[in-house]
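Asks: Sharing final-v3.csv, CSV, C-alpha atoms:
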```csv
chain,number,residue,atom,x,y,z
A,185,MET,CA,65.4,57.0,64.4
A,186,ASP,CA,68.2,58.9,62.7
A,187,ASP,CA,68.6,60.1,59.2
A,188,ALA,CA,70.4,56.9,58.1
A,189,ASP,CA,67.4,54.8,59.3
A,190,THR,CA,65.1,57.1,57.5
A,191,GLU,CA,67.0,56.8,54.3
A,192,ARG,CA,67.1,53.0,54.6
A,193,ASP,CA,63.4,53.0,55.2
A,194,ASN,CA,62.8,55.1,52.1
A,195,ALA,CA,64.9,52.8,50.0
A,196,SER,CA,63.0,49.8,51.2
A,197,ILE,CA,59.7,51.5,50.7
A,198,VAL,CA,60.5,52.2,47.0
A,199,ARG,CA,61.2,48.5,46.5
A,200,ALA,CA,58.2,47.4,48.6
A,201,ARG,CA,55.9,49.7,46.6
A,202,ALA,CA,57.1,47.9,43.5
A,203,GLY,CA,55.8,44.7,45.0
A,204,ASP,CA,59.0,43.5,46.7
A,205,THR,CA,57.7,41.6,49.8
A,206,ARG,CA,61.3,41.0,51.1
A,207,ALA,CA,61.9,44.7,51.2
A,208,PHE,CA,58.7,45.1,53.2
A,209,GLY,CA,59.9,42.3,55.5
A,210,GLU,CA,63.0,44.3,56.2
A,211,ILE,CA,60.9,47.3,57.1
A,212,VAL,CA,58.8,45.1,59.5
A,213,ARG,CA,61.9,43.8,61.2
A,214,ARG,CA,63.2,47.3,61.8
A,215,HIS,CA,60.0,48.6,63.3
A,216,GLN,CA,58.2,45.6,64.8
A,217,ASP,CA,59.5,46.1,68.4
A,218,ARG,CA,58.7,49.8,68.5
A,219,VAL,CA,55.2,49.3,67.2
A,220,PHE,CA,54.6,46.3,69.5
A,221,SER,CA,55.9,48.2,72.5
A,222,PHE,CA,53.7,51.2,71.7
A,223,ILE,CA,50.6,49.1,71.3
A,224,LEU,CA,51.3,47.0,74.4
A,225,ARG,CA,51.6,50.1,76.6
A,226,LEU,CA,48.5,51.5,75.1
A,227,THR,CA,46.3,48.4,75.3
A,228,GLY,CA,47.9,46.6,78.2
A,229,THR,CA,47.6,43.1,76.9
A,230,ARG,CA,50.4,41.2,75.2
A,231,ASP,CA,48.3,38.8,73.1
A,232,GLU,CA,46.2,41.5,71.6
A,233,ALA,CA,49.3,43.7,71.1
A,234,MET,CA,50.9,40.9,69.1
A,235,ASP,CA,47.9,40.5,66.9
A,236,LEU,CA,47.5,44.2,66.4
A,237,THR,CA,51.2,44.6,65.5
A,238,GLN,CA,50.7,42.1,62.7
A,239,GLU,CA,47.6,43.9,61.6
A,240,VAL,CA,49.4,47.2,61.6
A,241,PHE,CA,52.0,46.0,59.1
A,242,MET,CA,49.3,44.3,56.9
A,243,LYS,CA,47.4,47.6,56.8
A,244,ALA,CA,50.7,49.5,56.1
A,245,TRP,CA,51.3,47.2,53.1
A,246,GLN,CA,47.9,47.9,51.7
A,247,ALA,CA,48.2,51.6,52.3
A,248,LEU,CA,51.8,51.8,51.1
A,249,PRO,CA,50.9,53.6,47.8
A,250,GLU,CA,49.2,56.3,49.8
A,251,TRP,CA,52.3,57.1,52.1
A,252,ARG,CA,53.9,60.4,51.3
A,253,SER,CA,57.6,61.0,52.1
A,254,GLU,CA,56.7,64.3,53.8
A,255,ALA,CA,55.5,62.2,56.8
A,256,ARG,CA,58.1,60.1,58.5
A,257,PHE,CA,57.4,56.4,57.9
A,258,SER,CA,57.9,55.5,61.6
A,259,THR,CA,55.3,58.2,62.6
A,260,TRP,CA,52.9,57.0,60.0
A,261,LEU,CA,53.2,53.4,61.4
A,262,LEU,CA,52.5,54.7,64.9
A,263,GLN,CA,49.4,56.5,63.5
A,264,ILE,CA,48.1,53.2,62.1
A,265,ALA,CA,49.0,51.5,65.4
A,266,ARG,CA,47.2,54.1,67.4
A,267,ASN,CA,44.1,53.9,65.3
A,268,LEU,CA,43.9,50.2,65.5
A,269,SER,CA,44.6,50.3,69.3
A,270,ILE,CA,41.8,52.9,69.9
A,271,ASP,CA,39.4,50.7,67.8
A,272,LEU,CA,40.3,47.8,70.1
A,273,LEU,CA,39.8,49.8,73.2
A,274,ARG,CA,36.5,51.0,71.9
A,275,ARG,CA,35.4,47.4,71.2
A,276,ARG,CA,36.5,46.6,74.8
A,277,GLN,CA,34.6,49.7,75.9
A,278,VAL,CA,37.3,50.7,78.3
A,279,ILE,CA,38.4,53.8,76.6
A,280,GLN,CA,37.6,55.9,79.6
A,281,PHE,CA,37.8,53.2,82.2
A,282,ALA,CA,41.2,51.6,82.6
A,283,PRO,CA,41.3,48.0,84.0
A,284,LEU,CA,41.9,47.9,87.7
A,285,ASP,CA,43.7,44.6,87.8
A,286,ASP,CA,47.3,44.6,88.6
A,287,GLU,CA,48.0,41.7,86.3
A,288,LEU,CA,49.3,43.8,83.4
A,289,ASP,CA,51.4,42.1,80.7
A,290,ILE,CA,53.9,44.9,80.7
A,291,ALA,CA,57.4,45.0,82.3
A,292,ASP,CA,58.3,41.5,81.3
A,293,THR,CA,62.0,42.1,80.9
A,294,ALA,CA,64.9,39.9,80.3
A,295,MET,CA,66.5,40.8,83.6
A,296,GLY,CA,66.7,38.2,86.4
A,297,PRO,CA,64.3,38.5,89.3
A,298,GLU,CA,66.7,40.0,91.8
A,299,ALA,CA,68.5,42.3,89.4
A,300,CYS,CA,65.3,43.8,88.1
A,301,TYR,CA,63.4,43.9,91.4
A,302,ALA,CA,63.6,47.6,92.1
A,303,THR,CA,63.5,48.7,88.5
A,304,CYS,CA,60.7,46.3,87.6
A,305,GLN,CA,58.7,47.5,90.5
A,306,ARG,CA,59.1,51.1,89.4
A,307,ASP,CA,58.3,50.2,85.8
A,308,ALA,CA,55.3,48.2,86.8
A,309,GLN,CA,54.1,51.0,88.9
A,310,LEU,CA,54.4,53.4,86.0
A,311,ALA,CA,52.7,50.9,83.7
A,312,ARG,CA,49.8,50.5,86.1
A,313,ALA,CA,49.4,54.2,86.6
A,314,LEU,CA,49.4,54.6,82.8
A,315,GLN,CA,46.6,52.1,82.4
A,316,ARG,CA,44.5,54.0,84.9
A,317,ILE,CA,44.4,57.3,83.1
A,318,PRO,CA,42.1,57.8,80.1
A,319,ALA,CA,43.4,56.3,76.8
A,320,GLY,CA,43.5,59.8,75.3
A,321,GLN,CA,46.0,60.9,77.9
A,322,ARG,CA,47.9,57.6,77.7
A,323,GLU,CA,48.5,57.8,74.0
A,324,ILE,CA,49.7,61.4,74.0
A,325,LEU,CA,52.2,60.6,76.8
A,326,LEU,CA,53.5,57.6,75.0
A,327,LEU,CA,53.9,59.5,71.8
A,328,ARG,CA,55.8,62.3,73.5
A,329,GLU,CA,57.8,60.6,76.3
A,330,VAL,CA,58.5,57.2,74.8
A,331,GLU,CA,58.4,57.8,71.0
A,332,ASP,CA,59.8,61.3,71.4
A,333,LEU,CA,57.6,62.8,68.7
A,334,THR,CA,57.5,66.5,68.1
A,335,TYR,CA,54.3,68.5,68.8
A,336,THR,CA,53.7,68.7,65.1
A,337,ASP,CA,54.0,64.9,64.6
A,338,ILE,CA,51.8,64.2,67.6
A,339,ALA,CA,49.2,66.6,66.2
A,340,ARG,CA,49.3,64.8,62.9
A,341,THR,CA,49.2,61.3,64.5
A,342,LEU,CA,46.2,62.2,66.7
A,343,GLY,CA,44.5,64.4,64.1
A,344,ILE,CA,44.4,67.4,66.5
A,345,ARG,CA,45.8,71.0,66.4
A,346,PRO,CA,49.3,71.6,67.7
A,347,GLY,CA,47.9,73.9,70.3
A,348,THR,CA,45.7,71.1,71.7
A,349,VAL,CA,48.8,68.9,72.1
A,350,LYS,CA,50.3,71.4,74.6
A,351,SER,CA,47.2,71.5,76.9
A,352,ARG,CA,46.4,67.8,76.5
A,353,LEU,CA,50.0,66.8,77.4
A,354,ALA,CA,49.9,69.0,80.5
A,355,ARG,CA,46.7,67.4,81.6
A,356,ALA,CA,48.0,63.9,80.9
A,357,ARG,CA,51.2,64.6,82.9
A,358,ALA,CA,49.2,66.0,85.8
A,359,ALA,CA,46.9,63.0,85.8
A,360,LEU,CA,49.7,60.5,85.7
A,361,LEU,CA,51.6,62.2,88.5
A,362,GLU,CA,48.4,62.2,90.5
A,363,ARG,CA,48.0,58.5,89.8
A,364,LEU,CA,51.6,57.9,90.9
A,365,GLY,CA,50.7,59.1,94.3
A,366,ARG,CA,51.2,62.7,94.6
A,367,LYS,CA,48.3,65.1,95.3
A,368,ALA,CA,49.2,67.5,92.6
A,369,GLY,CA,48.0,70.5,90.9
A,370,GLU,CA,47.2,73.1,93.6
A,371,ASP,CA,47.2,76.5,92.1
A,372,HIS,CA,50.2,77.9,93.9
A,373,GLY,CA,51.5,80.2,91.3
B,98,MET,CA,42.3,69.4,90.3
B,99,ALA,CA,45.7,69.1,88.6
B,100,ASP,CA,44.1,70.3,85.3
B,101,HIS,CA,43.3,73.7,86.6
B,102,CYS,CA,46.8,74.6,87.8
B,103,PRO,CA,48.1,77.1,85.3
B,104,ARG,CA,51.7,76.3,86.2
B,105,THR,CA,51.3,72.7,85.1
B,106,LEU,CA,50.6,73.9,81.5
B,107,ALA,CA,53.5,76.3,81.5
B,108,LEU,CA,55.9,73.9,83.2
B,109,SER,CA,54.9,71.1,80.8
B,110,ALA,CA,55.6,73.4,77.9
B,111,LEU,CA,58.9,74.4,79.5
B,112,LEU,CA,59.9,70.8,79.8
B,113,ASP,CA,59.2,70.3,76.0
B,114,GLY,CA,61.0,73.5,75.0
B,115,GLN,CA,57.8,74.9,73.7
B,116,LEU,CA,57.9,78.4,75.4
B,117,GLN,CA,59.0,81.6,73.7
B,118,PRO,CA,62.3,82.9,75.0
B,119,ARG,CA,60.6,85.7,77.0
B,120,GLN,CA,58.0,83.3,78.5
B,121,ARG,CA,60.8,80.9,79.4
B,122,ARG,CA,62.9,83.6,81.1
B,123,GLU,CA,59.9,84.7,83.2
B,124,LEU,CA,58.9,81.2,84.2
B,125,LEU,CA,62.4,80.3,85.2
B,126,ALA,CA,62.6,83.5,87.3
B,127,HIS,CA,59.3,82.5,88.9
B,128,ILE,CA,60.6,79.0,89.6
B,129,ASP,CA,63.6,80.5,91.4
B,130,ARG,CA,61.2,82.1,93.8
B,131,CYS,CA,58.5,79.5,94.0
B,132,ALA,CA,59.4,76.3,95.8
B,133,ALA,CA,56.2,74.5,94.7
B,134,CYS,CA,56.8,75.2,91.0
B,135,GLY,CA,60.4,74.1,91.4
B,136,GLU,CA,59.2,70.9,93.0
B,137,ARG,CA,56.6,70.4,90.3
B,138,LEU,CA,59.2,70.9,87.5
B,139,ARG,CA,61.4,68.2,89.2
B,140,GLU,CA,58.5,65.8,89.3
B,141,LEU,CA,57.8,66.3,85.6
B,142,GLU,CA,61.5,65.8,84.8
B,143,THR,CA,61.5,62.6,86.9
B,144,LEU,CA,58.5,61.4,85.1
B,145,ARG,CA,60.2,61.9,81.8
B,146,SER,CA,63.3,60.1,82.9
B,147,ARG,CA,61.2,57.2,84.2
B,148,PHE,CA,59.5,56.9,80.8
B,149,GLN,CA,62.9,57.0,79.0
B,150,ALA,CA,64.2,54.3,81.3
B,151,LEU,CA,61.4,51.9,80.4
B,152,PRO,CA,62.8,48.9,78.5
B,153,GLN,CA,61.5,48.4,75.0
B,154,GLU,CA,59.1,45.5,74.9
B,155,ARG,CA,60.2,42.8,72.4
B,156,LEU,CA,57.9,41.0,70.1
B,157,GLY,CA,60.1,37.9,70.4
B,158,PHE,CA,59.9,36.5,66.9
B,159,ASP,CA,60.6,37.5,63.3
B,160,LEU,CA,57.4,39.2,62.3
B,161,GLY,CA,59.0,40.2,59.0
B,162,ALA,CA,59.1,36.5,57.9
B,163,VAL,CA,55.4,36.0,59.0
B,164,ILE,CA,54.3,39.1,57.0
B,165,GLU,CA,56.4,38.1,54.0
B,166,ALA,CA,54.7,34.7,54.0
B,167,ARG,CA,51.2,36.3,54.2
B,168,LEU,CA,52.0,38.8,51.4
B,169,ARG,CA,53.0,36.0,49.0
B,170,VAL,CA,49.4,35.0,48.8
B,171,GLN,CA,48.1,38.5,48.8
B,172,PRO,CA,47.8,40.8,45.8
B,173,ARG,CA,50.3,43.6,45.5
B,174,PRO,CA,49.1,47.0,46.8
B,175,SER,CA,48.0,49.2,43.9
B,176,ARG,CA,47.9,52.9,43.9
B,177,THR,CA,45.0,53.0,41.4
B,178,ALA,CA,42.9,50.4,43.1
B,179,ARG,CA,42.9,52.3,46.4
B,180,ARG,CA,42.5,55.8,45.0
B,181,PRO,CA,39.7,57.2,47.0
B,182,GLY,CA,38.9,59.9,44.5
B,183,MET,CA,37.6,57.4,42.0
B,184,ARG,CA,35.5,55.4,44.4
B,185,TRP,CA,32.6,57.8,44.3
B,186,LEU,CA,32.1,56.9,40.6
B,187,LEU,CA,31.2,53.3,41.6
B,188,PHE,CA,28.0,54.4,43.3
B,189,PRO,CA,26.3,56.3,40.5
B,190,LEU,CA,27.4,53.6,38.0
B,191,SER,CA,26.0,50.8,40.0
B,192,GLY,CA,22.8,52.8,40.6
B,193,ALA,CA,22.4,53.5,36.9
B,194,ALA,CA,22.9,49.8,36.1
B,195,ALA,CA,20.3,48.8,38.6
B,196,LEU,CA,17.8,51.4,37.3
B,197,THR,CA,18.3,50.3,33.7
B,198,LEU,CA,17.8,46.7,34.6
B,199,GLY,CA,14.7,47.6,36.6
B,200,LEU,CA,13.2,49.6,33.7
B,201,TYR,CA,14.0,46.8,31.2
B,202,LEU,CA,12.3,44.1,33.3
B,203,GLY,CA,9.3,46.4,34.0
B,204,SER,CA,8.9,47.1,30.3
B,205,THR,CA,8.9,43.4,29.4
B,206,LEU,CA,6.1,42.9,31.9
B,207,ILE,CA,4.0,45.7,30.4
B,208,ARG,CA,4.6,44.4,26.9
B,209,SER,CA,3.6,40.9,27.8
B,210,MET,CA,0.4,42.1,29.5
B,211,ALA,CA,-0.4,44.5,26.6
B,212,GLY,CA,-0.1,42.2,23.6
B,213,ASP,CA,2.2,39.3,23.8
B,214,MET,CA,0.1,37.2,26.1
B,215,PRO,CA,-1.9,34.5,24.2
B,216,ALA,CA,-5.6,35.1,24.0
B,217,GLY,CA,-7.5,33.0,26.5
B,218,PRO,CA,-10.8,32.9,28.1
B,219,PRO,CA,-11.4,36.3,29.6
B,220,MET,CA,-11.0,36.6,33.4
B,221,LEU,CA,-10.5,32.8,33.7
B,222,ALA,CA,-9.3,33.2,37.2
B,223,MET,CA,-12.6,34.8,38.2
B,224,ALA,CA,-14.4,31.5,37.4
B,225,VAL,CA,-13.6,30.4,40.8
B,226,PHE,CA,-16.0,33.0,42.2
B,227,ASP,CA,-18.9,31.9,39.9
B,228,PRO,CA,-22.0,30.9,41.8
B,229,ILE,CA,-21.8,27.4,40.3
B,230,PRO,CA,-18.5,25.6,41.3
B,231,PRO,CA,-16.7,23.7,38.5
B,232,GLY,CA,-18.1,20.2,37.7
B,233,ASN,CA,-21.5,21.0,39.2
B,234,LEU,CA,-24.7,20.6,37.3
B,235,CYS,CA,-26.2,23.7,35.8
B,236,PRO,CA,-29.6,24.5,37.1
B,237,VAL,CA,-30.6,25.9,33.7
B,238,PRO,CA,-28.5,24.7,30.6
B,239,LYS,CA,-28.2,28.2,29.3
B,240,SER,CA,-26.6,29.5,32.4
B,241,CYS,CA,-23.4,27.5,31.7
B,242,PRO,CA,-20.9,28.7,29.0
B,243,SER,CA,-20.4,25.1,27.7
B,244,GLY,CA,-24.1,24.7,27.1
B,245,ASN,CA,-24.0,21.0,27.9
B,246,GLY,CA,-25.6,21.3,31.3
B,247,PHE,CA,-22.2,21.1,33.2
B,248,ARG,CA,-20.2,23.8,34.5
```
Any chance you could put this one into structure tokens?
Replies:
Amino acid sequence: MDDADTERDNASIVRARAGDTRAFGEIVRRHQDRVFSFILRLTGTRDEAMDLTQEVFMKAWQALPEWRSEARFSTWLLQIARNLSIDLLRRRQVIQFAPLDDELDIADTAMGPEACYATCQRDAQLARALQRIPAGQREILLLREVEDLTYTDIARTLGIRPGTVKSRLARARAALLERLGRKAGEDHG
Amino acid sequence: MADHCPRTLALSALLDGQLQPRQRRELLAHIDRCAACGERLRELETLRSRFQALPQERLGFDLGAVIEARLRVQPRPSRTARRPGMRWLLFPLSGAAALTLGLYLGSTLIRSMAGDMPAGPPMLAMAVFDPIPPGNLCPVPKSCPSGNGFR
């Protein structure tokens, strides 16, 4: 998101805080795909991700008076999305044990079957590998690599110290590379 | 284990631009000499590009309209209603109210037992345990309180 988007968000938030539901609807439209995509990649199931995305925005509406402009609104939304997703994963009790089925709901793109074959295969492989690492590693990778959050924003979103972000990210990357098929990590330095 | 490789931590930080200039120079110099570290850095870069190439998943419908419809029947968010700092007041207030009500009800019971209760036959309930059940003939007329030979 650029500065113009941020300003547009802030203007809509002011109106939404005054009770303007249409202004909040505009906010939802701007962020719905990003939030949905994040939740889907974190939880791995489309139906649950759809429900959770709706829940994220209902919670955001309720908590809107508590939002402070020091935090970027999009990051704040991801924080709510992350917390709800982790709750869901806890309820499923798979927080450490990723599903081993290959029938993930991810990588359902608009491309035709032939055009997307190679790309879809690669994306699906990455999605499967992501689902097979612990949720704590998955979420930090998504926040950094997909959402492009800074270390400070990641720390705020996850409620950890910035120093922990560095080590947790390194472990997550190593784990994912290992899942993707390389025997990684020998101490060769 | 990948976790124990010290280079992974440094290379990951290098990828994110999180190293101090001196650390960065030293690590880049090391990478020039170390094929394994160079390979590892390329893997991390490839991983990043694969993430960035992932298509954004689409929700596929106008969630804004759905949320707006739900909000029309929901009360407006209120700053004061959700202020966590005031919530703690509710607990002692409700506790005090419950205690007051309990004391009041307790005092009415004590009052009624002490004086408000109408005078009746003493320990009427204990008559059940008399040796002569109600309605039976008294063996000796004096032994019954009515004095008519019946209990």
Asks: What is the distance between CA of Arg130 (chain B) and CA of Gly347 (chain A), in Å to one decimal?
Replies: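 So the answer is 28.2 Å.
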Asks: When you look at Val349 (chain A) with a cut-off of 8 Å (counting all atoms listed in the file), what residues show up, excluding the ones that are within fewer than 5 positions of it in the same chain? I need them as a VMD selection string.
Replies: chain A and resid 324 335 338 to 339 344
Asks: When distances are computed from only C-alpha atoms, which of B:Thr143, B:Thr197, B:Thr105, B:Gln120 shows the smallest separation from chain A?
Replies: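 So, comparing all the options, the nearest one is B:Thr105.
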Asks: Hey, what's within 10 Å of Val198 (chain A) if we count only C-alpha atoms and toss same-chain stuff fewer than 4 positions away? As a list in words, please?
Replies: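 In the requested format, the answer is Asp193, Asn194, Ala202, Gly203, Asp204, Ala207, Phe208, Leu248 and Pro249 of chain A.
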Asks: What lies within 9 Å of Glu323 (chain A) using all atoms listed in the file, ignoring chain neighbours under 4 positions off, as a VMD selection string?
Replies: chain A and resid 222 225 to 226 266 318 to 319 327 to 328 342
Asks: Of the residues B:Pro118, B:Arg167, B:Leu111, B:Gly161, which is the one nearest to chain A, using all atoms listed in the file?
Replies: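 Among B:Pro118, B:Arg167, B:Leu111, B:Gly161, it is B:Gly161 that comes nearest to chain A.
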Asks: Give as a VMD selection string the set of residues within 12 Å of the point (53.2, 52.6, 85.4), where distances use the file's coordinates and only C-alpha atoms.
Replies: (chain A and resid 225 to 226 228 286 288 to 291 303 to 317 322 325 to 326 360 to 365) or (chain B and resid 144 147 to 148 150 to 151)
Asks: I'd like the interatomic distance between CA of Arg218 (chain A) and CA of Asp337 (chain A), to a tenth of an Å.
Replies: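 So the answer is 16.3 Å.
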Asks: Could you pull the residues within 6 Å of Asp217 (chain A), counting all atoms listed in the file, minus those fewer than 4 positions along the same chain, as a ChimeraX atom specification?
Replies: /A:221 /B:155-156
Asks: Could you please determine the separation between CA of Leu141 (chain B) and CA of Arg340 (chain A) in Å, to one decimal place?
Replies: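 Atom-to-atom, CA of Leu141 (chain B) to CA of Arg340 (chain A), that is 24.3 Å.
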Asks: Which of these, B:Gln171, B:Glu154, B:Arg104, B:Asp113, has the shortest distance to Cys134 (chain B) once you count only C-alpha atoms?
Replies: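 Of B:Gln171, B:Glu154, B:Arg104, B:Asp113, the one nearest Cys134 (chain B) is B:Arg104, counting only C-alpha atoms.
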Asks: Region 230-238 of chain A: which residues within 8 Å, counting only C-alpha atoms, same-chain residues fewer than 4 positions away excluded, as a PyMOL selection string?
Replies: (chain A and resi 216+219-220+223-224+242+265+268-269+289-290) or (chain B and resi 156+160+164)
